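Colleague: This one is work-v2.csv, CSV, C-alpha atoms and all ligand atoms.
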chain,number,residue,atom,x,y,z
M,25,MET,CA,23.4,-161.9,141.4
M,26,ASN,CA,21.1,-162.9,138.6
M,27,LYS,CA,18.1,-161.3,140.4
M,28,GLN,CA,20.0,-158.0,140.7
M,29,ILE,CA,20.8,-157.9,137.0
M,30,ILE,CA,17.2,-158.6,136.0
M,31,LEU,CA,16.1,-155.9,138.5
M,32,SER,CA,18.4,-153.3,137.1
M,33,LEU,CA,17.4,-154.2,133.5
M,34,LEU,CA,13.8,-153.7,134.5
M,35,ILE,CA,14.5,-150.3,136.0
M,36,THR,CA,16.5,-149.3,132.9
M,37,VAL,CA,13.6,-150.3,130.7
M,38,ALA,CA,11.1,-148.4,132.9
M,39,LEU,CA,13.3,-145.3,132.8
M,40,ILE,CA,13.7,-145.3,129.1
M,41,GLY,CA,10.0,-146.0,128.6
M,42,GLY,CA,9.1,-143.1,130.9
M,43,ALA,CA,11.5,-140.7,129.1
M,44,VAL,CA,10.0,-141.7,125.7
M,45,PHE,CA,6.5,-141.3,127.0
M,46,PHE,CA,7.0,-137.9,128.5
M,47,THR,CA,9.0,-136.6,125.5
M,48,ARG,CA,6.3,-137.8,123.2
M,49,ASP,CA,3.5,-136.2,125.2
M,50,ASN,CA,5.3,-132.8,125.3
M,51,SER,CA,5.9,-132.6,121.6
M,52,ARG,CA,2.3,-133.7,120.9
M,53,GLU,CA,0.9,-130.8,123.0
M,54,SER,CA,3.0,-128.2,121.2
M,55,ASP,CA,2.1,-129.7,117.8
M,56,LEU,CA,-1.5,-129.4,118.7
M,57,GLY,CA,-0.9,-125.7,119.5
M,58,GLU,CA,0.5,-125.1,116.1
M,59,ILE,CA,-2.2,-126.8,114.0
M,60,ALA,CA,-5.0,-124.7,115.4
M,61,SER,CA,-7.0,-123.6,112.4
M,62,ILE,CA,-8.0,-119.9,112.7
M,63,GLU,CA,-9.5,-117.9,109.9
M,64,MET,CA,-10.9,-114.4,109.6
M,65,VAL,CA,-14.4,-114.2,108.1
M,66,ASP,CA,-16.2,-110.8,107.8
M,67,GLY,CA,-14.0,-109.4,110.5
M,68,LYS,CA,-14.6,-112.2,112.9
M,69,GLN,CA,-12.1,-114.7,114.1
M,70,ILE,CA,-13.1,-118.3,113.6
M,71,ILE,CA,-11.4,-120.9,115.7
M,72,ASN,CA,-12.0,-124.5,114.5
M,73,MET,CA,-11.8,-127.1,117.2
M,74,SER,CA,-13.1,-130.5,117.9
M,75,ALA,CA,-14.4,-132.4,120.9
M,76,LYS,CA,-14.0,-136.1,121.3
M,77,GLY,CA,-12.2,-137.8,124.2
M,78,GLY,CA,-10.9,-134.3,125.0
M,79,TYR,CA,-10.4,-131.1,123.0
M,80,SER,CA,-8.2,-130.5,120.1
M,81,PRO,CA,-6.1,-128.4,119.9
M,82,ARG,CA,-5.4,-128.1,123.5
M,83,ILE,CA,-3.8,-124.7,123.2
M,84,VAL,CA,-4.9,-122.1,120.7
M,85,ASN,CA,-3.1,-118.8,120.2
M,86,ALA,CA,-5.6,-116.2,119.0
M,87,LYS,CA,-5.9,-112.5,118.4
M,88,ALA,CA,-7.2,-110.4,121.3
M,89,GLY,CA,-9.9,-107.8,121.0
M,90,VAL,CA,-11.7,-109.3,118.0
M,91,ASP,CA,-15.2,-110.8,117.8
M,92,THR,CA,-14.5,-114.5,117.9
M,93,ILE,CA,-16.5,-117.7,117.2
M,94,ILE,CA,-15.4,-121.1,118.3
M,95,LYS,CA,-16.6,-123.7,115.9
M,96,MET,CA,-16.6,-126.8,118.1
M,97,LYS,CA,-17.0,-129.9,116.0
M,98,THR,CA,-18.3,-133.2,117.4
M,99,GLU,CA,-18.4,-136.5,115.6
M,100,GLY,CA,-19.7,-139.4,117.4
M,101,THR,CA,-18.8,-137.7,120.7
M,102,PHE,CA,-20.5,-139.6,123.5
M,103,ASP,CA,-17.9,-139.0,126.2
M,104,CYS,CA,-18.1,-136.1,128.6
M,105,SER,CA,-16.1,-133.7,126.4
M,106,ALA,CA,-19.6,-133.1,124.9
M,107,SER,CA,-20.5,-131.4,128.1
M,108,LEU,CA,-18.7,-128.2,127.6
M,109,VAL,CA,-18.2,-125.4,130.1
M,110,ILE,CA,-16.4,-122.0,129.4
M,111,PRO,CA,-16.6,-120.2,132.8
M,112,GLU,CA,-15.3,-116.8,131.6
M,113,ILE,CA,-18.3,-116.3,129.3
M,114,SER,CA,-20.8,-118.3,131.5
M,115,TYR,CA,-21.2,-120.9,128.7
M,116,GLN,CA,-22.5,-124.3,129.5
M,117,LYS,CA,-24.0,-126.7,127.1
M,118,LEU,CA,-24.4,-130.4,126.3
M,119,LEU,CA,-23.3,-130.6,122.6
M,120,SER,CA,-25.0,-132.9,120.2
M,121,PRO,CA,-23.0,-136.0,119.5
M,122,THR,CA,-22.4,-135.0,115.9
M,123,GLY,CA,-22.4,-131.4,114.6
M,124,VAL,CA,-20.8,-128.1,114.9
M,125,GLU,CA,-21.5,-125.8,117.8
M,126,GLU,CA,-20.8,-122.1,117.4
M,127,ILE,CA,-19.7,-120.4,120.5
M,128,LEU,CA,-19.6,-116.6,120.4
M,129,ILE,CA,-17.0,-114.6,122.3
M,130,SER,CA,-17.5,-110.8,122.0
M,131,LYS,CA,-14.4,-108.8,121.4
M,132,ASP,CA,-14.3,-107.3,125.0
M,133,LYS,CA,-14.2,-110.9,126.3
M,134,ALA,CA,-11.4,-111.9,123.9
M,135,LYS,CA,-8.5,-111.2,126.1
M,136,GLY,CA,-6.1,-113.0,128.3
M,137,THR,CA,-6.3,-116.8,128.7
M,138,MET,CA,-9.7,-118.4,128.4
M,139,GLN,CA,-10.2,-121.9,129.6
M,140,GLY,CA,-12.8,-124.4,128.4
M,141,LEU,CA,-13.4,-127.7,130.1
M,142,CYS,CA,-15.7,-130.6,130.4
M,143,SER,CA,-18.2,-130.4,133.2
M,144,MET,CA,-16.2,-132.8,135.2
M,145,GLY,CA,-13.0,-130.9,134.8
M,146,MET,CA,-11.3,-133.9,133.3
M,147,TYR,CA,-10.5,-132.5,129.8
M,148,ASN,CA,-9.6,-128.9,129.1
M,149,PHE,CA,-8.3,-126.5,126.5
M,150,GLN,CA,-6.9,-122.9,126.5
M,151,ILE,CA,-7.4,-120.1,124.2
M,152,ARG,CA,-4.6,-117.5,124.6
M,153,PHE,CA,-5.7,-114.2,123.3
M,154,ASN,CA,-2.7,-112.0,122.6
C,201,CU,CU,-15.1,-135.0,131.8
Just dump the structure as C-alpha cells.

Modeller:
Amino acid sequence: MNKQIILSLLITVALIGGAVFFTRDNSRESDLGEIASIEMVDGKQIINMSAKGGYSPRIVNAKAGVDTIIKMKTEGTFDCSASLVIPEISYQKLLSPTGVEEILISKDKAKGTMQGLCSMGMYNFQIRFN
C-alpha cells in the first residue's frame, strides 16, 4: 500500500515536471522568434544573430526579395555552432571564436525558408522570408 502511494506520487511529480518543461521550452522558442533584431541599412536587411551553444534566435521572420546580411556574432564560441553551414547558399565556414561574421544573401535567394545548422546538424535555425 505504501509503495503504491509513493509510486503514484513519483509519477505525478514526473508528469508535472514534464508538463512544465515542455511548456517552458515552447514559450522560449516563440520568444526567441520575436526578439530577432532586424534593421534596414542602405536598402539592405540586416539580421543580427549569435552563435554559442546553438543559434539565437532560432526562428527569424524576415522580408523576402531584399538583399540580406546575417551578422552572426560569436563570443567565446568554442562549441560546434561555430562551424556554420547554410546549404541553400552553399555557405560553410568555421567562425572565429569571437567576432562578427557577415553572411550575404542576395535578394533572389531571400525567399522561402532558409535553414542554417552546425556542421554536425545538432543545432539549427530558420530564417523565414515572407
Ligand atoms: Cu554541432

Colleague: For region 143-153 of chain M, list every protein, DNA or RNA residue within 12 Å, evaluated using all atoms listed in the file, and leave out those in the same chain fewer than 6 positions away; present the list as a ChimeraX atom specification.

Modeller: /M:53,56-57,60,62,69,71-94,96,103-112,115-119,129,131-137

Colleague: Which one of M:Gln139, M:Phe102, M:Thr122, M:Ile127 sits closest to ligand CU 201 (chain C) if you count all atoms listed in the file?

Modeller: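 Using all atoms listed in the file, the shortest distance to ligand CU 201 (chain C) belongs to M:Phe102.
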
Colleague: Rounded to one decimal place, report the CA of Thr98 (chain M)-CA of Glu63 (chain M) distance in Å.

Modeller: 19.2 Å

Colleague: Just give me the gap between CA of Gly100 (chain M) and CA of Val124 (chain M) in Å, one decimal is fine.

Modeller: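 About the pair CA of Gly100 (chain M) and CA of Val124 (chain M): they are 11.6 Å apart.
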
Colleague: CA of Glu126 (chain M) to CA of Val65 (chain M): how many Å, to one decimal?

Modeller: 13.8 Å

Colleague: Measuring atom to atom with all atoms listed in the file, identify which of M:Asn26, M:Met64, M:Gly140, M:Asn154 is nearest to ligand CU 201 (chain C).

Modeller: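 Closest to ligand CU 201 (chain C), using all atoms listed in the file: M:Gly140.
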
Colleague: Restricting the calculation to all atoms listed in the file: of M:Ser120, M:Glu125, M:Leu141, M:Thr101, which residue gets closest to ligand CU 201 (chain C)?

Modeller: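 Going through M:Ser120, M:Glu125, M:Leu141, M:Thr101 one by one, the smallest distance to ligand CU 201 (chain C) is for M:Leu141.
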